[in-house]
Each structure stands twice: as C-alpha cells, then as structure tokens.
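Just entry.tsv here, TSV, C-alpha atoms:
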```
chain	number	residue	atom	x	y	z
D	1	MET	CA	0.00	0.00	0.00
D	2	SER	CA	1.45	3.35	-0.96
D	3	SER	CA	1.10	6.58	0.95
D	4	ILE	CA	0.79	10.09	-0.31
D	5	LEU	CA	3.85	12.24	0.32
D	6	VAL	CA	3.07	15.33	2.40
D	7	PHE	CA	5.24	18.10	3.75
D	8	CYS	CA	5.94	18.30	7.46
D	9	ARG	CA	4.72	21.71	8.62
D	10	ASP	CA	7.69	22.09	10.96
D	11	CYS	CA	10.78	20.94	9.06
D	12	GLY	CA	9.34	20.93	5.53
D	13	ARG	CA	10.53	17.43	4.62
D	14	GLN	CA	8.40	15.17	2.48
D	15	VAL	CA	7.21	12.16	4.44
D	16	PRO	CA	4.55	9.52	3.81
D	17	SER	CA	1.15	10.58	5.11
D	18	SER	CA	0.99	7.38	7.15
D	19	GLU	CA	3.94	8.63	9.25
D	20	THR	CA	2.48	12.06	10.01
D	21	GLU	CA	0.26	13.21	12.80
D	22	ASP	CA	-1.09	16.78	12.93
D	23	GLN	CA	1.01	17.39	9.80
D	24	LEU	CA	4.22	16.68	11.75
D	25	CYS	CA	6.75	13.98	10.92
D	26	LEU	CA	7.97	11.58	13.56
D	27	ASP	CA	11.25	13.46	14.04
D	28	CYS	CA	9.46	16.74	14.75
D	29	ARG	CA	6.91	15.10	17.08
D	30	VAL	CA	9.72	13.56	19.13
D	31	ARG	CA	11.68	16.81	19.19
D	32	ARG	CA	8.61	18.76	20.35
D	33	SER	CA	7.74	16.26	23.05
D	34	MET	CA	11.30	16.36	24.37
D	35	THR	CA	11.64	20.15	24.53
D	36	ASP	CA	10.43	20.55	28.11
D	37	LEU	CA	12.53	17.64	29.34
D	38	ARG	CA	15.64	18.97	27.61
D	39	ASP	CA	15.10	22.37	29.22
D	40	GLU	CA	14.66	20.74	32.63
D	41	HIS	CA	17.80	18.64	32.08
D	42	ALA	CA	19.83	21.74	31.19
D	43	ARG	CA	18.46	23.65	34.20
D	44	LEU	CA	19.35	20.85	36.61
D	45	TRP	CA	22.79	20.47	35.03
D	46	ARG	CA	23.52	24.19	35.50
D	47	LYS	CA	22.31	23.95	39.08
D	48	ARG	CA	24.58	20.95	39.69
D	49	GLU	CA	27.59	22.79	38.26
D	50	ARG	CA	26.80	25.84	40.38
D	51	TYR	CA	26.56	23.73	43.56
D	52	ARG	CA	29.69	21.78	42.64
D	53	SER	CA	31.67	25.02	42.38
D	54	HIS	CA	31.06	25.57	46.10
D	55	HIS	CA	33.56	23.37	47.86
D	56	GLY	CA	31.92	20.59	49.81
D	57	ALA	CA	28.42	21.08	48.41
D	58	ASN	CA	26.44	17.86	48.15
D	59	VAL	CA	25.30	17.34	44.56
D	60	ALA	CA	24.00	13.80	45.03
D	61	GLN	CA	20.35	14.89	45.20
D	62	ILE	CA	20.65	16.96	42.04
D	63	SER	CA	22.37	14.06	40.29
D	64	ARG	CA	19.39	11.86	41.20
D	65	GLN	CA	17.02	14.49	39.79
D	66	ILE	CA	19.03	14.55	36.56
D	67	ALA	CA	18.83	10.76	36.40
D	68	ARG	CA	15.04	10.90	36.82
D	69	VAL	CA	14.72	13.40	33.98
D	70	GLU	CA	16.90	11.15	31.79
D	71	ASP	CA	14.70	8.19	32.69
D	72	ARG	CA	11.62	10.15	31.60
D	73	MET	CA	13.41	10.98	28.36
D	74	GLU	CA	13.90	7.28	27.69
D	75	VAL	CA	10.22	6.65	27.19
D	76	VAL	CA	9.60	3.12	26.07
D	77	SER	CA	8.24	3.26	22.56
D	78	ASN	CA	6.58	0.59	20.45
D	79	GLU	CA	8.13	2.03	17.31
D	80	ARG	CA	11.78	1.18	16.85
D	81	ARG	CA	12.44	4.35	14.89
D	82	ALA	CA	10.82	6.51	17.58
D	83	GLY	CA	12.99	4.79	20.17
D	84	GLU	CA	16.09	5.62	18.14
D	85	LEU	CA	14.99	9.25	17.85
D	86	LEU	CA	14.36	9.45	21.60
D	87	GLN	CA	17.82	8.05	22.24
D	88	ARG	CA	19.30	10.66	19.89
D	89	GLU	CA	17.45	13.43	21.76
D	90	LEU	CA	18.76	12.13	25.09
D	91	GLU	CA	22.31	12.10	23.73
D	92	ALA	CA	21.80	15.65	22.45
D	93	ALA	CA	20.65	16.75	25.91
D	94	ARG	CA	23.67	15.11	27.49
D	95	GLY	CA	25.96	16.75	24.95
D	96	GLN	CA	24.30	20.11	25.49
D	97	ARG	CA	25.46	20.21	29.09
D	98	TYR	CA	28.99	20.83	27.86
D	99	THR	CA	27.92	23.75	25.68
D	100	ILE	CA	25.69	25.51	28.22
D	101	GLN	CA	26.42	29.20	28.14
D	102	GLY	CA	25.81	31.64	30.96
D	103	VAL	CA	22.32	33.05	31.14
```
Can the structure in the file be given as structure tokens, please?
Amino acid sequence: MSSILVFCRDCGRQVPSSETEDQLCLDCRVRRSMTDLRDEHARLWRKRERYRSHHGANVAQISRQIARVEDRMEVVSNERRAGELLQRELEAARGQRYTIQGV
C-alpha cells in the first residue's frame, strides 16, 4: 500500500502521510515532546555545576534528579524508529550540558 507524500509543517521534509500526525513527521513530534525535558535537564545540570563550584556542596540529590529526567526521556516506545529518535534526543541533551552558556 502506498502513501501520499506530504510536507511536514515544521521541518518541511516530504514524508509519507501514514507517518504524520497533525502534519508533523515523527522526528518533529519527538523533538517537540522532548523540549520541556531537555530544558529541565539543562536547568538541573547548570544547578549541579553551580553547587559543585562551592567546595563541599552535596550534589548527590541533584544528580538523582538529573537521572530521573533522563529516565523520563527514555520513554519506552513501540516504534523502533521513535525509540532511536528518543535516544538521539537524550544524547543531544547530554551533549548540550557541555555547551551551556551563561544566562
């Protein structure tokens, strides 16, 4: 069965209509759903670095909070491709912590 190719309204790529929802491709849906979690991850990471800069500050609790956010980011998905995209978003969030600039 063939699908009609439609444009994703976010990224503009052509994708089969069977892979779109609300005119968004799977990549864009995953990216949008992860935005809040990525922001929370970055906020907690900045907080952890700030606390760590104070000698003797206990960052264990913040590290546990970061781990919980990462666990939420690793949502179990039925679709293999969605799972791969979620993993890529998690890796991007982890990589972002090294490029966090001052606010």
Near segment 35-50 of chain D, within 8 Å and counting all atoms listed in the file, which residues show up once chain neighbours fewer than 5 positions away are dropped, as a CSV table (one decimal) with C-alpha atoms, keeping the file's coordinate frame?
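That gives us part-v1.csv:
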```csv
chain,number,residue,atom,x,y,z
D,59,VAL,CA,25.3,17.3,44.6
D,62,ILE,CA,20.6,17.0,42.0
D,63,SER,CA,22.4,14.1,40.3
D,65,GLN,CA,17.0,14.5,39.8
D,66,ILE,CA,19.0,14.6,36.6
D,69,VAL,CA,14.7,13.4,34.0
D,70,GLU,CA,16.9,11.2,31.8
D,72,ARG,CA,11.6,10.2,31.6
D,73,MET,CA,13.4,11.0,28.4
D,90,LEU,CA,18.8,12.1,25.1
D,93,ALA,CA,20.6,16.8,25.9
D,96,GLN,CA,24.3,20.1,25.5
D,97,ARG,CA,25.5,20.2,29.1
D,100,ILE,CA,25.7,25.5,28.2
```
Work out how far apart atom CA of Glu19 of chain D and atom CA of Ile4 of chain D are and give it in Å to one decimal.
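The value is 10.2 Å.
Each of D:Gln87, D:Ala60, D:Ala92, D:Ser3 was checked against Ser18 of chain D using all atoms listed in the file; the smallest atom-to-atom distance is that of D:Ser3.
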Length of the atom CA of Tyr51 of chain D to atom CA of Met34 of chain D vector [Å]: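 Rounded to one decimal, the two atoms are 25.6 Å apart.
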Notebook entry, point to check: atom CA of Leu86 of chain D and atom CA of Arg29 of chain D are how many Å apart?
Noted result: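 Atom CA of Arg29 of chain D lies 10.4 Å from atom CA of Leu86 of chain D.
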Contacts of Leu5 of chain D at 7 Å (only C-alpha atoms; same-chain gap of 2+ positions) as an MDAnalysis selection string:
chainID D and resid 3 7 14:17
Just segment 2-38 of chain D, please, as a PDB file, in the first residue's frame (only N, CA, C and O atoms).
```
ATOM      1  N   SER D   2       0.631   2.148  -0.878  1.00  0.00           N
ATOM      2  CA  SER D   2       1.448   3.350  -0.964  1.00  0.00           C
ATOM      3  C   SER D   2       0.776   4.502  -0.223  1.00  0.00           C
ATOM      4  O   SER D   2      -0.440   4.552  -0.088  1.00  0.00           O
ATOM      5  N   SER D   3       1.598   5.416   0.241  1.00  0.00           N
ATOM      6  CA  SER D   3       1.102   6.584   0.952  1.00  0.00           C
ATOM      7  C   SER D   3       1.366   7.823   0.113  1.00  0.00           C
ATOM      8  O   SER D   3       2.293   7.871  -0.687  1.00  0.00           O
ATOM      9  N   ILE D   4       0.588   8.805   0.353  1.00  0.00           N
ATOM     10  CA  ILE D   4       0.789  10.088  -0.307  1.00  0.00           C
ATOM     11  C   ILE D   4       1.903  10.818   0.434  1.00  0.00           C
ATOM     12  O   ILE D   4       1.956  10.799   1.665  1.00  0.00           O
ATOM     13  N   LEU D   5       2.793  11.460  -0.307  1.00  0.00           N
ATOM     14  CA  LEU D   5       3.848  12.244   0.321  1.00  0.00           C
ATOM     15  C   LEU D   5       3.306  13.621   0.685  1.00  0.00           C
ATOM     16  O   LEU D   5       2.699  14.307  -0.140  1.00  0.00           O
ATOM     17  N   VAL D   6       3.500  14.004   1.931  1.00  0.00           N
ATOM     18  CA  VAL D   6       3.073  15.327   2.401  1.00  0.00           C
ATOM     19  C   VAL D   6       4.267  16.021   3.037  1.00  0.00           C
ATOM     20  O   VAL D   6       5.240  15.386   3.427  1.00  0.00           O
ATOM     21  N   PHE D   7       4.176  17.329   3.129  1.00  0.00           N
ATOM     22  CA  PHE D   7       5.241  18.100   3.746  1.00  0.00           C
ATOM     23  C   PHE D   7       4.975  18.241   5.243  1.00  0.00           C
ATOM     24  O   PHE D   7       3.856  18.532   5.652  1.00  0.00           O
ATOM     25  N   CYS D   8       6.022  18.055   6.028  1.00  0.00           N
ATOM     26  CA  CYS D   8       5.937  18.305   7.464  1.00  0.00           C
ATOM     27  C   CYS D   8       5.834  19.817   7.644  1.00  0.00           C
ATOM     28  O   CYS D   8       6.598  20.569   7.052  1.00  0.00           O
ATOM     29  N   ARG D   9       4.907  20.269   8.475  1.00  0.00           N
ATOM     30  CA  ARG D   9       4.722  21.712   8.623  1.00  0.00           C
ATOM     31  C   ARG D   9       5.803  22.351   9.472  1.00  0.00           C
ATOM     32  O   ARG D   9       5.917  23.575   9.508  1.00  0.00           O
ATOM     33  N   ASP D  10       6.625  21.546  10.123  1.00  0.00           N
ATOM     34  CA  ASP D  10       7.691  22.093  10.957  1.00  0.00           C
ATOM     35  C   ASP D  10       9.024  22.138  10.214  1.00  0.00           C
ATOM     36  O   ASP D  10       9.627  23.191  10.072  1.00  0.00           O
ATOM     37  N   CYS D  11       9.468  20.994   9.715  1.00  0.00           N
ATOM     38  CA  CYS D  11      10.784  20.938   9.058  1.00  0.00           C
ATOM     39  C   CYS D  11      10.693  21.033   7.541  1.00  0.00           C
ATOM     40  O   CYS D  11      11.700  21.274   6.876  1.00  0.00           O
ATOM     41  N   GLY D  12       9.518  20.803   6.967  1.00  0.00           N
ATOM     42  CA  GLY D  12       9.337  20.930   5.532  1.00  0.00           C
ATOM     43  C   GLY D  12       9.738  19.721   4.717  1.00  0.00           C
ATOM     44  O   GLY D  12       9.667  19.755   3.490  1.00  0.00           O
ATOM     45  N   ARG D  13      10.164  18.635   5.369  1.00  0.00           N
ATOM     46  CA  ARG D  13      10.529  17.430   4.622  1.00  0.00           C
ATOM     47  C   ARG D  13       9.288  16.727   4.094  1.00  0.00           C
ATOM     48  O   ARG D  13       8.228  16.817   4.686  1.00  0.00           O
ATOM     49  N   GLN D  14       9.483  15.995   3.013  1.00  0.00           N
ATOM     50  CA  GLN D  14       8.401  15.171   2.478  1.00  0.00           C
ATOM     51  C   GLN D  14       8.439  13.823   3.179  1.00  0.00           C
ATOM     52  O   GLN D  14       9.477  13.155   3.206  1.00  0.00           O
ATOM     53  N   VAL D  15       7.319  13.443   3.755  1.00  0.00           N
ATOM     54  CA  VAL D  15       7.211  12.157   4.443  1.00  0.00           C
ATOM     55  C   VAL D  15       5.892  11.511   4.046  1.00  0.00           C
ATOM     56  O   VAL D  15       4.933  12.210   3.674  1.00  0.00           O
ATOM     57  N   PRO D  16       5.825  10.190   4.109  1.00  0.00           N
ATOM     58  CA  PRO D  16       4.551   9.522   3.811  1.00  0.00           C
ATOM     59  C   PRO D  16       3.464   9.970   4.782  1.00  0.00           C
ATOM     60  O   PRO D  16       3.713  10.180   5.972  1.00  0.00           O
ATOM     61  N   SER D  17       2.262  10.119   4.277  1.00  0.00           N
ATOM     62  CA  SER D  17       1.151  10.581   5.115  1.00  0.00           C
ATOM     63  C   SER D  17       0.868   9.617   6.264  1.00  0.00           C
ATOM     64  O   SER D  17       0.369  10.033   7.311  1.00  0.00           O
ATOM     65  N   SER D  18       1.218   8.354   6.088  1.00  0.00           N
ATOM     66  CA  SER D  18       0.987   7.377   7.150  1.00  0.00           C
ATOM     67  C   SER D  18       1.906   7.605   8.353  1.00  0.00           C
ATOM     68  O   SER D  18       1.626   7.121   9.439  1.00  0.00           O
ATOM     69  N   GLU D  19       2.996   8.368   8.151  1.00  0.00           N
ATOM     70  CA  GLU D  19       3.937   8.631   9.249  1.00  0.00           C
ATOM     71  C   GLU D  19       3.724   9.996   9.887  1.00  0.00           C
ATOM     72  O   GLU D  19       4.485  10.397  10.758  1.00  0.00           O
ATOM     73  N   THR D  20       2.700  10.723   9.457  1.00  0.00           N
ATOM     74  CA  THR D  20       2.479  12.058  10.008  1.00  0.00           C
ATOM     75  C   THR D  20       1.310  12.049  10.978  1.00  0.00           C
ATOM     76  O   THR D  20       0.420  11.200  10.912  1.00  0.00           O
ATOM     77  N   GLU D  21       1.355  12.992  11.871  1.00  0.00           N
ATOM     78  CA  GLU D  21       0.265  13.211  12.804  1.00  0.00           C
ATOM     79  C   GLU D  21       0.207  14.718  13.027  1.00  0.00           C
ATOM     80  O   GLU D  21       1.227  15.334  13.351  1.00  0.00           O
ATOM     81  N   ASP D  22      -0.938  15.314  12.859  1.00  0.00           N
ATOM     82  CA  ASP D  22      -1.090  16.779  12.929  1.00  0.00           C
ATOM     83  C   ASP D  22      -0.122  17.471  11.984  1.00  0.00           C
ATOM     84  O   ASP D  22       0.452  18.514  12.312  1.00  0.00           O
ATOM     85  N   GLN D  23       0.117  16.881  10.848  1.00  0.00           N
ATOM     86  CA  GLN D  23       1.006  17.390   9.799  1.00  0.00           C
ATOM     87  C   GLN D  23       2.452  17.510  10.275  1.00  0.00           C
ATOM     88  O   GLN D  23       3.221  18.314   9.775  1.00  0.00           O
ATOM     89  N   LEU D  24       2.846  16.711  11.251  1.00  0.00           N
ATOM     90  CA  LEU D  24       4.222  16.684  11.750  1.00  0.00           C
ATOM     91  C   LEU D  24       4.814  15.303  11.530  1.00  0.00           C
ATOM     92  O   LEU D  24       4.160  14.293  11.796  1.00  0.00           O
ATOM     93  N   CYS D  25       6.069  15.267  11.078  1.00  0.00           N
ATOM     94  CA  CYS D  25       6.747  13.981  10.915  1.00  0.00           C
ATOM     95  C   CYS D  25       7.163  13.449  12.289  1.00  0.00           C
ATOM     96  O   CYS D  25       7.095  14.156  13.298  1.00  0.00           O
ATOM     97  N   LEU D  26       7.585  12.221  12.310  1.00  0.00           N
ATOM     98  CA  LEU D  26       7.970  11.577  13.561  1.00  0.00           C
ATOM     99  C   LEU D  26       9.123  12.311  14.237  1.00  0.00           C
ATOM    100  O   LEU D  26       9.105  12.527  15.449  1.00  0.00           O
ATOM    101  N   ASP D  27      10.118  12.738  13.464  1.00  0.00           N
ATOM    102  CA  ASP D  27      11.254  13.463  14.035  1.00  0.00           C
ATOM    103  C   ASP D  27      10.790  14.723  14.773  1.00  0.00           C
ATOM    104  O   ASP D  27      11.231  14.997  15.892  1.00  0.00           O
ATOM    105  N   CYS D  28       9.933  15.488  14.150  1.00  0.00           N
ATOM    106  CA  CYS D  28       9.463  16.742  14.752  1.00  0.00           C
ATOM    107  C   CYS D  28       8.574  16.487  15.969  1.00  0.00           C
ATOM    108  O   CYS D  28       8.638  17.231  16.955  1.00  0.00           O
ATOM    109  N   ARG D  29       7.749  15.425  15.914  1.00  0.00           N
ATOM    110  CA  ARG D  29       6.911  15.100  17.075  1.00  0.00           C
ATOM    111  C   ARG D  29       7.775  14.735  18.266  1.00  0.00           C
ATOM    112  O   ARG D  29       7.517  15.173  19.392  1.00  0.00           O
ATOM    113  N   VAL D  30       8.824  13.940  18.039  1.00  0.00           N
ATOM    114  CA  VAL D  30       9.721  13.555  19.126  1.00  0.00           C
ATOM    115  C   VAL D  30      10.445  14.782  19.667  1.00  0.00           C
ATOM    116  O   VAL D  30      10.526  14.996  20.877  1.00  0.00           O
ATOM    117  N   ARG D  31      10.957  15.611  18.762  1.00  0.00           N
ATOM    118  CA  ARG D  31      11.681  16.809  19.191  1.00  0.00           C
ATOM    119  C   ARG D  31      10.785  17.727  20.025  1.00  0.00           C
ATOM    120  O   ARG D  31      11.189  18.235  21.066  1.00  0.00           O
ATOM    121  N   ARG D  32       9.529  17.906  19.593  1.00  0.00           N
ATOM    122  CA  ARG D  32       8.608  18.759  20.345  1.00  0.00           C
ATOM    123  C   ARG D  32       8.272  18.174  21.706  1.00  0.00           C
ATOM    124  O   ARG D  32       8.159  18.904  22.684  1.00  0.00           O
ATOM    125  N   SER D  33       8.098  16.870  21.768  1.00  0.00           N
ATOM    126  CA  SER D  33       7.744  16.264  23.054  1.00  0.00           C
ATOM    127  C   SER D  33       8.914  16.285  24.029  1.00  0.00           C
ATOM    128  O   SER D  33       8.707  16.265  25.240  1.00  0.00           O
ATOM    129  N   MET D  34      10.120  16.372  23.515  1.00  0.00           N
ATOM    130  CA  MET D  34      11.303  16.362  24.375  1.00  0.00           C
ATOM    131  C   MET D  34      11.753  17.757  24.807  1.00  0.00           C
ATOM    132  O   MET D  34      12.613  17.885  25.661  1.00  0.00           O
ATOM    133  N   THR D  35      11.182  18.798  24.259  1.00  0.00           N
ATOM    134  CA  THR D  35      11.644  20.154  24.527  1.00  0.00           C
ATOM    135  C   THR D  35      11.638  20.488  26.013  1.00  0.00           C
ATOM    136  O   THR D  35      12.633  20.973  26.559  1.00  0.00           O
ATOM    137  N   ASP D  36      10.526  20.218  26.687  1.00  0.00           N
ATOM    138  CA  ASP D  36      10.433  20.548  28.112  1.00  0.00           C
ATOM    139  C   ASP D  36      11.431  19.747  28.938  1.00  0.00           C
ATOM    140  O   ASP D  36      12.051  20.285  29.862  1.00  0.00           O
ATOM    141  N   LEU D  37      11.577  18.466  28.596  1.00  0.00           N
ATOM    142  CA  LEU D  37      12.525  17.636  29.345  1.00  0.00           C
ATOM    143  C   LEU D  37      13.965  18.077  29.106  1.00  0.00           C
ATOM    144  O   LEU D  37      14.778  18.067  30.033  1.00  0.00           O
ATOM    145  N   ARG D  38      14.291  18.481  27.888  1.00  0.00           N
ATOM    146  CA  ARG D  38      15.644  18.970  27.609  1.00  0.00           C
ATOM    147  C   ARG D  38      15.925  20.254  28.380  1.00  0.00           C
ATOM    148  O   ARG D  38      17.011  20.443  28.916  1.00  0.00           O
TER     149      ARG D  38
END
```
